[in-house]
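*Asks:* Attaching a single structure in structure tokens format; questions to follow.
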Amino acid sequence: MTLVIAFIGKQGAVMAGDMREIAFGGDDSSIEDLERELYGGAIVSDSDLAKRADEIGVTIQLRDDKTKVSQRDGTLVGEVTETEGANISRKRLYATKGSYVIAEIVDSRLRVMQKGRASNFVVLGNDITKRVANQCIQGMWEGGTIQDALRLIMLTMQIAASVTASVSRTFVLVHTDTAADIPAAIANDSRKEQNPD
């Protein structure tokens with residue numbers, strides 16, 4: 001899991017997601033230890049991650065080309081993957097002008113977890129990335145336009161990348177000024193999860 005941030009406003013919505021994907025190999029308990037250190041903020045740089053993984057016998061593969069956010073028919077969609085041991089789940093954020101929905105996908109079943117309205121930031125990520133994002137938002141947001149929210153999101157993405165190896169330095173930004181049909185997007189995704197062909 002890495003970082004997806006969105007601002008849902010009355011005039012539109014903006015979302016950013018980093019592009020890092022990390023694959024771990026080795027002993028399950030060692031992988032869990034490494035993930036705990038990484039997602040808790042103890043590992044700052046890629047070289048620190050490689051060194052620590054080598055010390056405990058875990059292999060890692062880093063990719064910085066995974067697109068986690070997109071715009072589909074006016075709905076912004078961002079997704080992060082959570083792992084707890086052998087259990088894998090995905091959280092998906094749908095955002096449009098004026099509203100958002102957070103859904104969880106487990107075993108190909110999509111379930112709505114939370115709904116909200118305009119004037120909100122939403123953060124999906126691991127412990128360290130959520131902590132950084134929340135500090136940035138609480139410390140710097142004084143209200144403003146979509147452009148102000150966009151600048152804050154970009155700054156937050158850059159800060160997060162500087163304090164944890166779980167986030168890539170590159171990120172994707174998407175924007176909409178449409179009040180799109182989130183329930184239709186969710187229904188479509190739910191069908192795709194059940195029938196991935």
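Residues are referred to by chain and number: the chain letter is A, B, ... according to the order shown in the structure tokens, the number counts from 1 in that chain, and ligands are numbered separately from 1 in the order shown.
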Write out as a ChimeraX atom specification the residues lying within 9 Å of Gln11 (chain A), counting only C-alpha atoms and excluding same-chain residues fewer than 4 positions away.

*Replies:* /A:97-98,118,145-146,176-179

*Asks:* Sort by chain and increasing residue number a table of all residues of region 99-192 of chain A within 7 Å of region 63-75 of chain A, each with its closest pair of atoms and their distance in Å to one decimal, counting only C-alpha atoms, and write it as a tab-separated table.

*Replies:*
residue	atom	partner	partner_atom	distance
A:Ser168	CA	A:Asp64	CA	6.1
A:Val172	CA	A:Val69	CA	6.7
A:Val174	CA	A:Ser70	CA	6.4
A:Thr176	CA	A:Gly74	CA	5.7
A:Thr178	CA	A:Gly74	CA	5.5
A:Ala180	CA	A:Gly74	CA	5.3
A:Ile182	CA	A:Thr75	CA	6.6

*Asks:* Can you tell me, as a ChimeraX atom specification, what residues are no more than 6 Å from Ile102 (chain A) when counting only C-alpha atoms, ignoring any on the same chain fewer than 4 positions away?

*Replies:* /A:92-93,113-114

*Asks:* Now that the selection is made, can you save its residues with N, CA and C atoms as an mmCIF file, in the first residue's frame?

*Replies:*
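The file below, again-v9.cif, is the result:
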data_model
loop_
_atom_site.group_PDB
_atom_site.id
_atom_site.type_symbol
_atom_site.label_atom_id
_atom_site.label_comp_id
_atom_site.auth_asym_id
_atom_site.auth_seq_id
_atom_site.Cartn_x
_atom_site.Cartn_y
_atom_site.Cartn_z
ATOM 1 N N ARG A 92 -10.605 1.184 -2.758
ATOM 2 C CA ARG A 92 -10.790 1.999 -3.954
ATOM 3 C C ARG A 92 -11.573 3.251 -3.579
ATOM 4 N N LEU A 93 -11.073 4.391 -4.024
ATOM 5 C CA LEU A 93 -11.705 5.681 -3.790
ATOM 6 C C LEU A 93 -12.303 6.183 -5.102
ATOM 7 N N MET A 113 -17.698 1.171 1.863
ATOM 8 C CA MET A 113 -17.311 1.333 3.269
ATOM 9 C C MET A 113 -17.692 2.711 3.820
ATOM 10 N N GLN A 114 -17.619 3.735 2.968
ATOM 11 C CA GLN A 114 -17.823 5.098 3.446
ATOM 12 C C GLN A 114 -18.262 5.984 2.288
#

*Asks:* Between A:Ile60, A:Val77, A:Val4, A:Ala103, which one has atoms that come closest to Arg90 (chain A), using only C-alpha atoms?

*Replies:*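 Closest candidate: A:Ala103.
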
*Asks:* Skipping near chain neighbours, those fewer than 6 positions away, what residues fall within 12 Å of Val122 (chain A) using only C-alpha atoms, listed as a PyMOL selection string?

*Replies:* chain A and resi 3-9+13-17+78+92-95+99-102+114-116+130+133-134+137+149+153

*Asks:* Please, could you write that set of residues out with C-alpha atoms as a short mmCIF file (atom, residue, chain, number, x, y, z; two decimals), in the first residue's frame?

*Replies:*
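Result file is selection-v4.cif:
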data_model
loop_
_atom_site.label_atom_id
_atom_site.label_comp_id
_atom_site.auth_asym_id
_atom_site.auth_seq_id
_atom_site.Cartn_x
_atom_site.Cartn_y
_atom_site.Cartn_z
CA LEU A 3 -0.49 6.76 -1.22
CA VAL A 4 -3.62 8.12 -2.90
CA ILE A 5 -4.90 11.58 -1.91
CA ALA A 6 -8.01 13.36 -3.15
CA PHE A 7 -9.78 16.63 -2.55
CA ILE A 8 -13.48 16.64 -3.21
CA GLY A 9 -14.81 20.16 -3.69
CA ALA A 13 -12.29 17.00 -7.51
CA VAL A 14 -8.59 16.28 -7.83
CA MET A 15 -6.70 13.08 -7.00
CA ALA A 16 -3.06 12.00 -6.96
CA GLY A 17 -1.46 8.59 -6.60
CA GLY A 78 -7.80 5.61 -6.98
CA ARG A 92 -10.79 2.00 -3.95
CA LEU A 93 -11.70 5.68 -3.79
CA TYR A 94 -14.28 7.11 -6.20
CA ALA A 95 -14.46 10.92 -6.34
CA SER A 99 -19.05 13.57 -3.40
CA TYR A 100 -16.89 10.50 -2.84
CA VAL A 101 -17.19 6.82 -1.94
CA ILE A 102 -14.60 4.45 -0.46
CA GLN A 114 -17.82 5.10 3.45
CA LYS A 115 -19.53 7.97 1.63
CA GLY A 116 -18.92 11.68 1.89
CA LYS A 130 -1.37 8.80 6.11
CA ALA A 133 -0.63 13.59 4.52
CA ASN A 134 -2.74 14.40 7.57
CA ILE A 137 -3.42 18.96 5.34
CA ALA A 149 -5.96 21.86 -3.01
CA ILE A 153 -1.67 17.51 -2.74
#

*Asks:* Just give me the gap between CA of Asp28 (chain A) and CA of Ser108 (chain A) in Å, one decimal is fine.

*Replies:*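 So the answer is 23.7 Å.
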
*Asks:* For Ala160 (chain A), list every protein, DNA or RNA residue within 12 Å, evaluated using only C-alpha atoms, and leave out those in the same chain fewer than 2 positions away; present the list as a count of residues only.

*Replies:* 38

*Asks:* What are the DSSP strand (DSSP E or B) residues of chain A, as a ChimeraX atom specification?

*Replies:* /A:3-8,13-18,21-25,59-63,69-72,75-84,87-96,99-106,109-117,120-125,171-176

*Asks:* List every residue of chain A that DSSP, applied to the backbone of this structure, assigns to helix (DSSP H, G or I), and report them as an MDAnalysis selection string.

*Replies:* chainID A and resid 28:40 46:55 127:140 146:163 182:194

*Asks:* Would you pick out the contacts of region 192-196 of chain A at 9 Å or less, using only C-alpha atoms, so that residues sharing its chain but fewer than 5 positions from it are not included, and give the list as a PyMOL selection string?

*Replies:* chain A and resi 105+107-110+187

*Asks:* Pick out the residues sitting within 10 Å of Leu34 (chain A), and hand them over as a PDB file with N, CA and C atoms, in the first residue's frame; count only C-alpha atoms, and ignore anything fewer than 5 positions along from it in its own chain.

*Replies:*
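The resulting part_16.pdb:
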ATOM      1  N   PHE A  24       7.638  -8.591  -2.581  1.00  0.00           N
ATOM      2  CA  PHE A  24       8.536  -9.174  -1.591  1.00  0.00           C
ATOM      3  C   PHE A  24       8.615 -10.678  -1.791  1.00  0.00           C
ATOM      4  N   ASP A  28       7.753 -15.650   5.241  1.00  0.00           N
ATOM      5  CA  ASP A  28       6.589 -14.803   5.545  1.00  0.00           C
ATOM      6  C   ASP A  28       6.808 -13.901   6.747  1.00  0.00           C
ATOM      7  N   SER A  29       7.388 -14.430   7.826  1.00  0.00           N
ATOM      8  CA  SER A  29       7.560 -13.604   9.026  1.00  0.00           C
ATOM      9  C   SER A  29       8.587 -12.498   8.780  1.00  0.00           C
ATOM     10  N   TYR A  39       6.215   0.388   6.296  1.00  0.00           N
ATOM     11  CA  TYR A  39       4.950   1.116   6.363  1.00  0.00           C
ATOM     12  C   TYR A  39       4.779   1.903   7.658  1.00  0.00           C
ATOM     13  N   GLY A  40       5.628   1.625   8.642  1.00  0.00           N
ATOM     14  CA  GLY A  40       5.604   2.392   9.880  1.00  0.00           C
ATOM     15  C   GLY A  40       6.504   3.614   9.847  1.00  0.00           C
ATOM     16  N   ALA A  42      10.059   3.530   9.393  1.00  0.00           N
ATOM     17  CA  ALA A  42      11.443   3.317   9.818  1.00  0.00           C
ATOM     18  C   ALA A  42      12.419   3.257   8.641  1.00  0.00           C
ATOM     19  N   ILE A  43      11.931   3.042   7.439  1.00  0.00           N
ATOM     20  CA  ILE A  43      12.790   2.923   6.255  1.00  0.00           C
ATOM     21  C   ILE A  43      12.493   4.103   5.332  1.00  0.00           C
ATOM     22  N   LEU A  49      15.951   0.473   2.183  1.00  0.00           N
ATOM     23  CA  LEU A  49      15.056  -0.664   1.987  1.00  0.00           C
ATOM     24  C   LEU A  49      15.831  -1.868   1.464  1.00  0.00           C
ATOM     25  N   ARG A  52      18.111  -3.246   4.320  1.00  0.00           N
ATOM     26  CA  ARG A  52      17.356  -3.943   5.374  1.00  0.00           C
ATOM     27  C   ARG A  52      16.804  -5.268   4.855  1.00  0.00           C
ATOM     28  N   ALA A  53      16.304  -5.282   3.630  1.00  0.00           N
ATOM     29  CA  ALA A  53      15.791  -6.519   3.031  1.00  0.00           C
ATOM     30  C   ALA A  53      16.900  -7.562   2.953  1.00  0.00           C
ATOM     31  N   ILE A  56      17.753  -9.240   6.353  1.00  0.00           N
ATOM     32  CA  ILE A  56      16.823 -10.242   6.899  1.00  0.00           C
ATOM     33  C   ILE A  56      16.432 -11.304   5.873  1.00  0.00           C
ATOM     34  N   VAL A  58      15.155 -11.047   2.695  1.00  0.00           N
ATOM     35  CA  VAL A  58      13.953 -10.835   1.885  1.00  0.00           C
ATOM     36  C   VAL A  58      14.377 -10.262   0.532  1.00  0.00           C
TER      37      VAL A  58
END

*Asks:* May I ask which of the residues A:His175, A:Lys91, A:Gln61, A:Gln147 is the closest one to Gly26 (chain A), counting only C-alpha atoms?

*Replies:*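 Of all the options, A:Gln61 lies closest to Gly26 (chain A).
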